[in-house]
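Undergrad: Here you go, work_26.txt (compact mmCIF, C-alpha atoms and all ligand atoms):
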# COMPACT_ATOMS: atom_id res chain seq x y z
CA MET A 3 -0.31 3.16 26.22
CA ILE A 4 1.65 1.46 23.44
CA THR A 5 -0.05 3.00 20.43
CA PHE A 6 -0.64 1.24 17.17
CA ASN A 7 1.33 3.77 15.11
CA VAL A 8 3.71 6.65 15.77
CA PRO A 9 4.18 9.04 12.81
CA LEU A 10 7.77 8.89 11.67
CA HIS A 11 10.15 11.80 12.11
CA ILE A 12 13.65 10.45 11.85
CA ASN A 13 16.08 12.75 10.15
CA LYS A 14 16.31 16.13 8.49
CA GLU A 15 12.60 16.58 7.73
CA ILE A 16 12.41 20.04 9.35
CA ASP A 17 15.77 21.17 7.92
CA TYR A 18 14.65 20.25 4.43
CA ILE A 19 11.32 22.04 4.83
CA LYS A 20 13.26 25.12 5.95
CA GLU A 21 15.49 24.75 2.91
CA ALA A 22 12.46 24.57 0.60
CA VAL A 23 10.94 27.67 2.16
CA GLU A 24 13.97 29.86 2.88
CA GLU A 25 16.64 28.82 0.38
CA ASN A 26 14.78 27.40 -2.59
CA ASN A 27 11.89 29.87 -2.33
CA LYS A 28 9.80 27.16 -3.90
CA ILE A 29 6.88 25.62 -2.08
CA SER A 30 4.51 24.65 -4.91
CA GLY A 31 5.03 21.32 -6.68
CA ASP A 32 7.80 19.90 -8.89
CA GLY A 33 10.70 21.86 -7.37
CA PRO A 34 14.10 20.55 -6.25
CA PHE A 35 12.82 18.22 -3.51
CA THR A 36 10.21 16.61 -5.74
CA LYS A 37 12.93 16.03 -8.36
CA LYS A 38 15.16 14.45 -5.70
CA CYS A 39 12.34 12.12 -4.64
CA HIS A 40 11.67 11.15 -8.26
CA LYS A 41 15.32 10.42 -8.95
CA TRP A 42 15.72 8.51 -5.70
CA MET A 43 12.78 6.25 -6.55
CA GLU A 44 13.82 5.78 -10.19
CA ASP A 45 17.35 4.76 -9.15
CA LYS A 46 16.38 2.65 -6.17
CA PHE A 47 13.44 0.81 -7.67
CA ASN A 48 14.91 0.68 -11.16
CA CYS A 49 11.79 2.01 -12.85
CA SER A 50 11.53 4.26 -15.86
CA LYS A 51 9.47 6.99 -14.20
CA ALA A 52 8.22 7.89 -10.73
CA LEU A 53 5.83 10.80 -10.06
CA LEU A 54 4.92 12.05 -6.60
CA THR A 55 1.19 12.47 -6.03
CA THR A 56 -0.88 14.06 -3.30
CA SER A 57 -1.90 10.62 -1.96
CA GLY A 58 -1.97 6.92 -2.70
CA THR A 59 -5.62 7.44 -3.56
CA HIS A 60 -4.65 10.01 -6.20
CA ALA A 61 -1.98 7.70 -7.64
CA LEU A 62 -4.77 5.15 -8.16
CA GLU A 63 -7.05 7.79 -9.69
CA LEU A 64 -4.28 8.88 -12.04
CA ALA A 65 -3.83 5.24 -13.05
CA ALA A 66 -7.58 4.90 -13.77
CA LEU A 67 -7.45 8.05 -15.96
CA LEU A 68 -4.37 6.76 -17.79
CA ILE A 69 -5.91 3.44 -18.77
CA ASP A 70 -9.04 5.32 -19.94
CA ILE A 71 -11.61 3.54 -17.83
CA GLN A 72 -15.05 4.11 -19.37
CA LYS A 73 -18.51 3.62 -17.92
CA GLY A 74 -19.29 -0.09 -17.69
CA ASP A 75 -15.68 -1.29 -17.84
CA GLU A 76 -14.84 -3.96 -15.29
CA VAL A 77 -11.88 -4.10 -12.94
CA ILE A 78 -10.87 -7.18 -10.93
CA MET A 79 -9.54 -6.81 -7.37
CA PRO A 80 -9.86 -8.34 -3.89
CA SER A 81 -12.71 -7.18 -1.64
CA TYR A 82 -10.33 -7.20 1.30
CA THR A 83 -8.80 -3.77 0.63
CA PHE A 84 -9.12 -0.05 1.29
CA THR A 85 -11.95 1.93 -0.33
CA SER A 86 -9.58 3.87 -2.59
CA THR A 87 -8.56 0.76 -4.53
CA ALA A 88 -12.16 0.51 -5.73
CA ASN A 89 -13.19 4.18 -5.70
CA ALA A 90 -10.45 5.26 -8.11
CA PHE A 91 -12.14 3.14 -10.79
CA VAL A 92 -15.74 3.67 -9.62
CA LEU A 93 -15.21 7.42 -10.08
CA ARG A 94 -14.66 6.72 -13.79
CA GLY A 95 -17.78 4.56 -14.04
CA ALA A 96 -16.23 1.12 -13.66
CA ILE A 97 -17.94 -1.90 -12.14
CA ILE A 98 -15.77 -3.68 -9.59
CA LYS A 99 -15.48 -7.47 -9.74
CA PHE A 100 -14.21 -8.80 -6.45
CA ILE A 101 -12.54 -12.18 -6.12
CA ASP A 102 -11.66 -14.14 -3.01
CA ILE A 103 -8.33 -14.02 -1.18
CA GLU A 104 -5.87 -16.70 -0.09
CA PRO A 105 -6.02 -17.06 3.68
CA GLU A 106 -2.22 -17.40 4.03
CA THR A 107 -1.36 -13.94 2.69
CA MET A 108 -4.77 -12.17 2.55
CA ASN A 109 -3.89 -11.35 -1.10
CA MET A 110 -6.10 -12.01 -4.15
CA ASP A 111 -6.14 -15.66 -5.18
CA ALA A 112 -4.71 -15.44 -8.70
CA ASP A 113 -6.35 -18.77 -9.62
CA LEU A 114 -9.74 -17.06 -9.36
CA ILE A 115 -9.00 -14.23 -11.81
CA GLU A 116 -9.90 -16.02 -15.04
CA GLN A 117 -13.45 -16.85 -13.97
CA ALA A 118 -14.07 -13.12 -13.36
CA ILE A 119 -12.89 -12.00 -16.81
CA THR A 120 -15.53 -10.90 -19.34
CA ASN A 121 -15.27 -8.91 -22.57
CA LYS A 122 -15.71 -5.75 -20.44
CA THR A 123 -12.68 -6.43 -18.24
CA LYS A 124 -10.03 -3.75 -18.51
CA ALA A 125 -7.63 -4.26 -15.60
CA ILE A 126 -6.52 -6.40 -12.70
CA VAL A 127 -5.60 -4.59 -9.47
CA PRO A 128 -3.50 -6.73 -7.12
CA VAL A 129 -3.21 -5.29 -3.60
CA HIS A 130 0.02 -6.30 -1.84
CA TYR A 131 -1.44 -6.67 1.65
CA ALA A 132 0.94 -5.94 4.53
CA GLY A 133 3.70 -5.35 1.96
CA VAL A 134 3.75 -9.03 0.91
CA SER A 135 3.56 -9.52 -2.84
CA CYS A 136 0.69 -11.10 -4.73
CA ASP A 137 1.51 -13.89 -7.18
CA MET A 138 2.71 -11.47 -9.84
CA ASN A 139 3.97 -14.11 -12.31
CA LYS A 140 0.54 -15.62 -12.55
CA ILE A 141 -1.25 -12.25 -12.58
CA ASN A 142 0.98 -10.83 -15.32
CA SER A 143 0.67 -13.91 -17.49
CA ILE A 144 -3.15 -13.84 -17.27
CA ALA A 145 -3.06 -10.12 -18.08
CA ASP A 146 -0.89 -10.83 -21.15
CA GLU A 147 -3.15 -13.59 -22.36
CA TYR A 148 -6.35 -11.50 -22.08
CA ASP A 149 -4.75 -8.15 -22.93
CA LEU A 150 -5.54 -6.48 -19.59
CA TYR A 151 -3.70 -3.81 -17.65
CA VAL A 152 -2.15 -4.57 -14.26
CA ILE A 153 -2.28 -1.72 -11.75
CA GLU A 154 -0.47 -2.63 -8.54
CA ASP A 155 -1.89 -1.18 -5.35
CA ALA A 156 1.50 -1.16 -3.63
CA ALA A 157 0.38 1.44 -1.06
CA GLN A 158 1.74 -0.82 1.67
CA GLY A 159 4.56 -2.32 -0.40
CA VAL A 160 7.24 0.38 -0.69
CA MET A 161 10.68 -1.34 -0.50
CA SER A 162 9.20 -4.88 -0.66
CA LYS A 163 10.34 -7.29 -3.36
CA TYR A 164 9.05 -10.14 -5.47
CA ASN A 165 11.69 -12.30 -7.19
CA ASP A 166 14.18 -9.57 -6.35
CA GLU A 167 12.20 -6.80 -8.05
CA TYR A 168 10.53 -3.99 -6.15
CA LEU A 169 6.75 -4.00 -5.75
CA GLY A 170 5.19 -1.27 -7.82
CA THR A 171 7.52 -2.00 -10.74
CA LEU A 172 5.91 -5.26 -11.83
CA GLY A 173 2.61 -4.13 -13.39
CA ASP A 174 1.91 -1.49 -16.05
CA LEU A 175 1.53 1.05 -13.25
CA GLY A 176 2.27 0.92 -9.52
CA CYS A 177 0.72 3.05 -6.76
CA TYR A 178 2.47 3.92 -3.50
CA SER A 179 1.14 5.72 -0.42
CA PHE A 180 3.15 8.03 1.82
CA HIS A 181 0.34 8.52 4.31
CA GLU A 182 1.38 8.93 7.93
CA THR A 183 0.40 5.30 8.65
CA LYS A 184 2.69 3.88 5.96
CA ASN A 185 6.41 3.00 6.21
CA TYR A 186 7.60 6.29 4.66
CA SER A 187 5.55 9.39 4.93
CA SER A 188 4.97 12.96 3.87
CA GLY A 189 1.86 13.28 6.03
CA GLU A 190 -0.38 12.79 3.04
CA GLY A 191 1.26 11.68 -0.18
CA GLY A 192 1.85 8.98 -2.74
CA ALA A 193 3.56 8.13 -6.00
CA LEU A 194 2.74 6.65 -9.36
CA ILE A 195 5.36 4.31 -10.79
CA ILE A 196 5.17 4.07 -14.56
CA ASN A 197 6.49 0.85 -16.03
CA ASN A 198 4.60 0.77 -19.33
CA GLU A 199 6.45 3.33 -21.47
CA LYS A 200 3.33 4.36 -23.35
CA PHE A 201 2.00 6.15 -20.24
CA LYS A 202 5.10 8.23 -19.51
CA GLU A 203 4.21 11.44 -21.25
CA ARG A 204 0.47 11.38 -20.63
CA ALA A 205 0.94 10.75 -16.90
CA GLU A 206 2.78 14.08 -16.55
CA ILE A 207 0.01 15.89 -18.41
CA ILE A 208 -2.89 14.43 -16.43
CA ARG A 209 -1.06 15.12 -13.17
CA GLU A 210 -0.50 18.77 -14.17
CA LYS A 211 -4.16 19.74 -14.76
CA GLY A 212 -4.16 18.42 -18.30
CA THR A 213 -1.33 20.71 -19.43
CA ASN A 214 2.15 20.05 -20.82
CA ARG A 215 3.72 22.29 -18.15
CA SER A 216 6.37 19.63 -17.35
CA GLN A 217 7.60 19.71 -20.95
CA PHE A 218 7.58 23.51 -20.85
CA PHE A 219 9.78 23.54 -17.71
CA ARG A 220 12.23 21.21 -19.43
CA GLY A 221 12.35 23.60 -22.40
CA GLN A 222 10.80 21.05 -24.78
CA VAL A 223 7.93 23.35 -25.79
CA ASP A 224 7.79 27.18 -25.76
CA LYS A 225 4.38 27.51 -24.09
CA TYR A 226 2.15 25.20 -22.17
CA THR A 227 -1.47 24.61 -23.06
CA TRP A 228 -4.45 22.41 -22.39
CA GLN A 229 -3.67 18.95 -23.80
CA ASP A 230 -5.95 16.40 -22.15
CA HIS A 231 -8.29 15.83 -19.23
CA GLY A 232 -6.53 16.02 -15.90
CA SER A 233 -6.43 17.28 -12.36
CA SER A 234 -3.95 18.53 -9.79
CA TYR A 235 -2.15 15.52 -8.40
CA LEU A 236 1.23 17.04 -7.52
CA PRO A 237 2.18 17.62 -3.89
CA SER A 238 3.78 20.74 -2.50
CA GLU A 239 7.55 20.95 -2.06
CA ILE A 240 6.95 21.04 1.70
CA ASN A 241 5.61 17.50 1.55
CA ALA A 242 8.36 16.38 -0.83
CA ALA A 243 11.05 17.83 1.48
CA TYR A 244 9.63 15.88 4.43
CA LEU A 245 9.48 12.69 2.38
CA TYR A 246 12.98 13.03 0.96
CA ALA A 247 14.48 13.05 4.45
CA GLN A 248 12.84 9.66 5.01
CA LEU A 249 13.79 8.18 1.64
CA GLU A 250 17.43 8.94 2.46
CA LYS A 251 16.98 6.72 5.53
CA ALA A 252 14.90 4.08 3.78
CA GLU A 253 17.24 1.16 4.50
CA GLU A 254 17.55 2.06 8.16
CA ILE A 255 13.77 2.43 8.53
CA ASN A 256 13.19 -0.85 6.72
CA ASN A 257 15.75 -2.78 8.80
CA ASN A 258 14.33 -1.42 12.02
CA ARG A 259 10.79 -2.50 11.14
CA VAL A 260 11.91 -5.91 9.88
CA SER A 261 13.75 -6.57 13.12
CA SER A 262 10.62 -5.69 15.14
CA TRP A 263 8.59 -7.97 12.89
CA ASN A 264 11.05 -10.84 13.36
CA LEU A 265 10.97 -10.44 17.13
CA TYR A 266 7.15 -10.59 17.20
CA TYR A 267 7.29 -13.66 14.99
CA LYS A 268 9.82 -15.45 17.17
CA LEU A 269 8.00 -14.69 20.42
CA LEU A 270 4.56 -15.69 19.10
CA LYS A 271 5.67 -18.79 17.18
CA PRO A 272 5.06 -21.11 20.18
CA LEU A 273 1.39 -20.02 20.24
CA GLU A 274 1.06 -20.88 16.57
CA GLU A 275 2.71 -24.25 17.18
CA LYS A 276 0.01 -24.94 19.78
CA ASN A 277 -2.61 -24.01 17.14
CA MET A 278 -3.86 -21.09 19.22
CA ILE A 279 -3.24 -18.36 16.61
CA SER A 280 -1.92 -18.08 13.05
CA LEU A 281 0.99 -15.93 12.02
CA PRO A 282 1.59 -14.19 8.70
CA TYR A 283 3.07 -16.30 5.90
CA ILE A 284 5.79 -14.92 3.62
CA PRO A 285 6.18 -16.85 0.33
CA ASP A 286 9.77 -17.84 -0.54
CA ASN A 287 10.14 -15.45 -3.47
CA CYS A 288 8.96 -12.44 -1.42
CA GLU A 289 10.99 -10.04 0.66
CA HIS A 290 8.66 -7.90 2.76
CA ASN A 291 8.95 -4.46 4.35
CA ALA A 292 7.32 -5.25 7.71
CA HIS A 293 4.54 -2.81 6.98
CA MET A 294 2.33 -4.64 9.42
CA PHE A 295 2.43 -7.38 12.02
CA TYR A 296 -0.85 -9.20 12.38
CA ILE A 297 -2.04 -12.39 14.00
CA LYS A 298 -5.24 -14.31 13.37
CA THR A 299 -7.48 -15.61 16.13
CA GLU A 300 -9.93 -18.54 15.96
CA SER A 301 -13.04 -16.40 15.68
CA LEU A 302 -14.49 -12.90 15.71
CA GLU A 303 -15.56 -13.37 19.32
CA GLU A 304 -12.05 -14.34 20.38
CA ARG A 305 -10.61 -11.38 18.49
CA THR A 306 -12.95 -8.95 20.25
CA LYS A 307 -11.89 -10.35 23.63
CA LEU A 308 -8.21 -10.21 22.74
CA ILE A 309 -8.41 -6.57 21.58
CA SER A 310 -10.09 -5.55 24.83
CA TYR A 311 -7.65 -7.62 26.92
CA LEU A 312 -4.75 -5.84 25.24
CA LYS A 313 -6.46 -2.48 25.76
CA GLU A 314 -6.83 -3.20 29.49
CA ASN A 315 -3.08 -3.74 29.44
CA ASP A 316 -2.38 -0.44 27.67
CA ILE A 317 -1.77 -1.93 24.24
CA GLN A 318 -3.60 -0.57 21.23
CA SER A 319 -4.38 -3.26 18.65
CA VAL A 320 -6.77 -2.87 15.74
CA PHE A 321 -8.69 -4.92 13.22
CA HIS A 322 -8.65 -4.06 9.54
CA TYR A 323 -10.85 -3.88 6.45
CA ILE A 324 -14.54 -4.63 6.43
CA PRO A 325 -14.73 -6.42 3.04
CA LEU A 326 -15.89 -3.89 0.47
CA HIS A 327 -18.52 -6.11 -1.17
CA SER A 328 -20.49 -6.23 2.09
CA THR A 329 -20.73 -2.44 2.47
CA LYS A 330 -23.36 0.07 1.36
CA ALA A 331 -21.27 1.37 -1.56
CA GLY A 332 -20.03 -2.10 -2.37
CA LYS A 333 -23.56 -3.29 -3.00
CA LYS A 334 -24.03 -0.44 -5.46
CA PHE A 335 -20.77 -0.53 -7.40
CA SER A 336 -19.51 -4.09 -7.24
CA GLU A 337 -20.15 -7.76 -7.54
CA PHE A 338 -18.39 -10.63 -5.79
CA VAL A 339 -17.54 -13.31 -8.34
CA GLY A 340 -17.52 -16.89 -7.04
CA GLU A 341 -17.71 -17.94 -3.42
CA ASP A 342 -16.64 -15.80 -0.46
CA LYS A 343 -14.76 -18.64 1.19
CA PHE A 344 -12.11 -16.64 2.99
CA THR A 345 -12.60 -12.88 2.56
CA THR A 346 -15.23 -12.38 5.27
CA SER A 347 -14.20 -15.18 7.61
CA GLU A 348 -10.46 -14.39 7.58
CA SER A 349 -10.95 -10.63 7.87
CA GLU A 350 -12.92 -11.22 11.09
CA LYS A 351 -9.97 -13.00 12.70
CA LEU A 352 -7.19 -10.57 11.92
CA VAL A 353 -5.66 -8.25 14.57
CA ARG A 354 -2.86 -5.79 13.85
CA LEU A 355 -0.32 -5.19 16.59
CA PRO A 356 1.65 -1.96 17.19
CA MET A 357 4.25 -1.49 14.44
CA TYR A 358 6.31 1.59 13.73
CA TYR A 359 9.92 2.69 13.35
CA GLY A 360 11.55 2.78 16.76
CA LEU A 361 9.12 0.40 18.47
CA LYS A 362 11.10 -0.90 21.42
CA ASP A 363 12.04 -4.56 21.81
CA ARG A 364 10.86 -4.45 25.40
CA ASP A 365 7.45 -3.23 24.24
CA ILE A 366 7.24 -6.10 21.76
CA GLU A 367 8.22 -8.52 24.54
CA TYR A 368 5.51 -7.06 26.76
CA ILE A 369 2.88 -7.31 24.01
CA ALA A 370 3.81 -10.93 23.26
CA GLU A 371 3.73 -11.76 26.95
CA LYS A 372 0.21 -10.33 27.28
CA ILE A 373 -1.01 -12.27 24.23
CA ILE A 374 0.43 -15.49 25.67
CA GLU A 375 -1.19 -14.68 29.00
CA PHE A 376 -4.54 -14.17 27.24
CA TYR A 377 -4.32 -17.61 25.66
CA ASP A 378 -3.29 -19.22 28.95
CA GLY A 379 -6.58 -17.91 30.33
CA VAL A 380 -8.57 -19.12 27.31
CA ASN A 381 -7.42 -22.72 27.72
C1 LIG B 1 -3.18 3.47 2.41
C2 LIG B 1 -3.78 2.74 1.28
C3 LIG B 1 -4.34 3.40 0.17
C4 LIG B 1 -4.56 4.89 0.12
O1 LIG B 1 -3.44 5.65 0.31
P1 LIG B 1 -3.61 7.20 0.79
O2 LIG B 1 -2.23 7.74 0.64
O3 LIG B 1 -4.08 7.16 2.21
O4 LIG B 1 -4.59 7.84 -0.11
C5 LIG B 1 -4.81 2.64 -0.88
N1 LIG B 1 -4.73 1.29 -0.88
C6 LIG B 1 -4.22 0.63 0.18
C7 LIG B 1 -4.14 -0.86 0.12
C8 LIG B 1 -3.73 1.32 1.29
O5 LIG B 1 -3.24 0.64 2.33
Rewrite the structure of this file - the entire thing - as structure tokens.

TA:
Amino acid sequence: MITFNVPLHINKEIDYIKEAVEENNKISGDGPFTKKCHKWMEDKFNCSKALLTTSGTHALELAALLIDIQKGDEVIMPSYTFTSTANAFVLRGAIIKFIDIEPETMNMDADLIEQAITNKTKAIVPVHYAGVSCDMNKINSIADEYDLYVIEDAAQGVMSKYNDEYLGTLGDLGCYSFHETKNYSSGEGGALIINNEKFKERAEIIREKGTNRSQFFRGQVDKYTWQDHGSSYLPSEINAAYLYAQLEKAEEINNNRVSSWNLYYKLLKPLEEKNMISLPYIPDNCEHNAHMFYIKTESLEERTKLISYLKENDIQSVFHYIPLHSTKAGKKFSEFVGEDKFTTSESEKLVRLPMYYGLKDRDIEYIAEKIIEFYDGVN
């Protein structure tokens, strides 16, 4: 079976965990490996502050706490996303306003943001689907005009760029995920990227159970005390050690995935030219990280058949999000603004193909061959 994902273990993950345990004698959070991860991200992504979190979900929750979401505040996002994008704000009492996506990228259609803005709107949350950037120029200029925060859900966008700047560094705050299914992993993990300077100090406090322990460790205060609301959002050094080994190999991992992505694209292009399937679209000003390779079929029925055809041939392919507005919780906590022209219909056509570091070219060739064979049978 060619599985959809293989958790990444590439380098010195185990050595570094050993070092954390046996040499550093430090396995709780914010030790040497966490500091190395922070510095690596701050240097690489050119951002003023990066903080590891226990998950991408927690990075989003930390963001919602930082912008002081209150009951009844409204947050604008696409419905085609993971539950955590919405839940982070729902937990604070927000009402979610979903807008439609663009079919080409599956990202929020920035032209639909303004019609969803009311005097309760507090933030816009662009989700960079498949590691391909949303239209950040437009989103940031609307946010400026209406005085809204921009929280990027860049869970899938680590190492991707928009106009030569890294995703996660373009809004007030950016949220990364280092879950096992993402490009870089610590098993479970994430990071908050702080671009708006006013959140720098408070982010540390909220992440450290509402205390100024980070300032205490730096010698800036002589005791640490309760300063603010907060929770425990810092991962253990064991997770940070695992992650750091992968960050050191980030370029290699990225190049490997991009070359797999390009091979899929090249082999499946003829099917797109015959109008049998559609392939992902990468806007000119975007550089993507090959987080995902998906194709779109003509219909839900065709997708179901294709997934089972691939399964019969030992290939695991999967569909993705059920639009949040159509779910049980969605009906309770959210409202879809405007027409659902593409969210539901496009999500029903999308199939994700196996994609992971080290996926073999001959496996990609086999998968493409089976997809082509499927369409030969259809027509
Ligand atoms: C993975 C993901 C998350 C959640 O990240 P976790 O680290 O699993 O909590 C949030 N949003 C999107 C778009 C994701 O893909």

Undergrad: Would you please work out which residue, of A:Gly74, A:Pro34, A:Pro128, A:Pro282, is nearest to ligand LIG 1 (chain B) when using only C-alpha atoms and all ligand atoms?

TA: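 Closest candidate: A:Pro128.
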
Undergrad: Of the candidates A:Ala52, A:Leu194, A:Ile97, A:Ile115, which shows the shortest atom-to-atom distance to ligand LIG 1 (chain B), using all atoms listed in the file?

TA: A:Leu194

Undergrad: Using only C-alpha atoms, which of the listed residues (A:Asp75, A:Glu254, A:Asp363, A:Glu289) sits closest to A:His130?

TA: A:Glu289

Undergrad: Let me see if you get this right: every residue at most 10 Å from ligand LIG 1 (chain B), counting only C-alpha atoms and all ligand atoms, written as a VMD selection string.

TA: chain A and resid 55 to 63 82 to 90 128 to 133 154 to 159 177 to 184 187 to 193 293 323

Undergrad: Figure out the distance between atom CA of A:Ser233 and atom CA of A:Ala205, please, to one decimal in Å.

TA: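 Distance reported for this atom pair: 10.8 Å.
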
Undergrad: Hey, can you pull every residue with an atom no more than 9 Å from (-12.9, -14.0, 4.9), using all atoms listed in the file, and send it as a PyMOL selection string?

TA: chain A and resi 82+102-103+105+108+325+342-351

Undergrad: Check the smallest atom-to-atom distance from each of A:Asn7, A:Glu239, A:Tyr246, A:Tyr168 to A:Val320 using all atoms listed in the file, then report the winner.

TA: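 Of A:Asn7, A:Glu239, A:Tyr246, A:Tyr168, the one nearest A:Val320 is A:Asn7, counting all atoms listed in the file.
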
Undergrad: Per residue of stretch 324-378 of chain A within 9 Å of stretch 259-276 of chain A, note the shortest atom pair and the distance in Å to one decimal, counting all atoms listed in the file, and order the rows by chain and increasing residue number, as CSV.

TA:
residue,atom,partner,partner_atom,distance
A:Met357,CA,A:Arg259,CA,7.4
A:Tyr358,CA,A:Arg259,CA,6.6
A:Tyr359,CA,A:Arg259,CA,5.7
A:Gly360,CA,A:Arg259,CA,7.7
A:Leu361,CA,A:Ser262,CA,7.1
A:Lys362,CA,A:Ser262,CA,7.9
A:Asp363,CA,A:Ser262,CA,6.9
A:Ile366,CA,A:Tyr266,CA,6.4
A:Glu367,CA,A:Leu269,CA,7.4
A:Ile369,CA,A:Tyr266,CA,8.7
A:Ala370,CA,A:Leu269,CA,6.3
A:Glu371,CA,A:Leu269,CA,8.3
A:Ile373,CA,A:Leu270,CA,8.3
A:Ile374,CA,A:Leu273,CA,7.1
A:Tyr377,CA,A:Leu273,CA,8.2

Undergrad: Would you kindly place N, CA, C and O atoms on stretch 59-72 of chain A and return the model as a PDB file, keeping the file's coordinate frame?

TA:
ATOM      1  N   THR A  59      -4.316   7.391  -2.901  1.00  0.00           N
ATOM      2  CA  THR A  59      -5.620   7.440  -3.560  1.00  0.00           C
ATOM      3  C   THR A  59      -5.504   8.133  -4.915  1.00  0.00           C
ATOM      4  O   THR A  59      -6.025   7.651  -5.929  1.00  0.00           O
ATOM      5  N   HIS A  60      -4.806   9.270  -4.942  1.00  0.00           N
ATOM      6  CA  HIS A  60      -4.650  10.010  -6.200  1.00  0.00           C
ATOM      7  C   HIS A  60      -3.754   9.279  -7.201  1.00  0.00           C
ATOM      8  O   HIS A  60      -3.944   9.418  -8.409  1.00  0.00           O
ATOM      9  N   ALA A  61      -2.786   8.509  -6.718  1.00  0.00           N
ATOM     10  CA  ALA A  61      -1.980   7.700  -7.640  1.00  0.00           C
ATOM     11  C   ALA A  61      -2.888   6.692  -8.340  1.00  0.00           C
ATOM     12  O   ALA A  61      -2.795   6.475  -9.557  1.00  0.00           O
ATOM     13  N   LEU A  62      -3.813   6.095  -7.579  1.00  0.00           N
ATOM     14  CA  LEU A  62      -4.770   5.150  -8.160  1.00  0.00           C
ATOM     15  C   LEU A  62      -5.716   5.841  -9.141  1.00  0.00           C
ATOM     16  O   LEU A  62      -6.017   5.316 -10.218  1.00  0.00           O
ATOM     17  N   GLU A  63      -6.164   7.043  -8.784  1.00  0.00           N
ATOM     18  CA  GLU A  63      -7.050   7.790  -9.690  1.00  0.00           C
ATOM     19  C   GLU A  63      -6.340   8.153 -10.987  1.00  0.00           C
ATOM     20  O   GLU A  63      -6.908   8.087 -12.079  1.00  0.00           O
ATOM     21  N   LEU A  64      -5.095   8.546 -10.860  1.00  0.00           N
ATOM     22  CA  LEU A  64      -4.280   8.880 -12.040  1.00  0.00           C
ATOM     23  C   LEU A  64      -4.145   7.646 -12.928  1.00  0.00           C
ATOM     24  O   LEU A  64      -4.252   7.732 -14.165  1.00  0.00           O
ATOM     25  N   ALA A  65      -3.936   6.492 -12.296  1.00  0.00           N
ATOM     26  CA  ALA A  65      -3.830   5.240 -13.050  1.00  0.00           C
ATOM     27  C   ALA A  65      -5.136   4.956 -13.807  1.00  0.00           C
ATOM     28  O   ALA A  65      -5.117   4.576 -14.987  1.00  0.00           O
ATOM     29  N   ALA A  66      -6.281   5.172 -13.127  1.00  0.00           N
ATOM     30  CA  ALA A  66      -7.580   4.900 -13.770  1.00  0.00           C
ATOM     31  C   ALA A  66      -7.807   5.838 -14.963  1.00  0.00           C
ATOM     32  O   ALA A  66      -8.351   5.433 -15.991  1.00  0.00           O
ATOM     33  N   LEU A  67      -7.351   7.101 -14.835  1.00  0.00           N
ATOM     34  CA  LEU A  67      -7.450   8.050 -15.960  1.00  0.00           C
ATOM     35  C   LEU A  67      -6.544   7.611 -17.103  1.00  0.00           C
ATOM     36  O   LEU A  67      -6.921   7.683 -18.278  1.00  0.00           O
ATOM     37  N   LEU A  68      -5.342   7.149 -16.759  1.00  0.00           N
ATOM     38  CA  LEU A  68      -4.370   6.760 -17.790  1.00  0.00           C
ATOM     39  C   LEU A  68      -4.835   5.579 -18.621  1.00  0.00           C
ATOM     40  O   LEU A  68      -4.588   5.526 -19.830  1.00  0.00           O
ATOM     41  N   ILE A  69      -5.480   4.606 -17.980  1.00  0.00           N
ATOM     42  CA  ILE A  69      -5.910   3.440 -18.770  1.00  0.00           C
ATOM     43  C   ILE A  69      -7.298   3.676 -19.384  1.00  0.00           C
ATOM     44  O   ILE A  69      -7.902   2.756 -19.917  1.00  0.00           O
ATOM     45  N   ASP A  70      -7.792   4.926 -19.266  1.00  0.00           N
ATOM     46  CA  ASP A  70      -9.040   5.320 -19.940  1.00  0.00           C
ATOM     47  C   ASP A  70     -10.229   4.467 -19.564  1.00  0.00           C
ATOM     48  O   ASP A  70     -10.968   3.999 -20.446  1.00  0.00           O
ATOM     49  N   ILE A  71     -10.425   4.277 -18.288  1.00  0.00           N
ATOM     50  CA  ILE A  71     -11.610   3.540 -17.830  1.00  0.00           C
ATOM     51  C   ILE A  71     -12.870   4.279 -18.289  1.00  0.00           C
ATOM     52  O   ILE A  71     -12.980   5.492 -18.109  1.00  0.00           O
ATOM     53  N   GLN A  72     -13.773   3.553 -18.905  1.00  0.00           N
ATOM     54  CA  GLN A  72     -15.050   4.110 -19.370  1.00  0.00           C
ATOM     55  C   GLN A  72     -16.197   3.471 -18.591  1.00  0.00           C
ATOM     56  O   GLN A  72     -16.028   2.392 -18.037  1.00  0.00           O
TER      57      GLN A  72
END
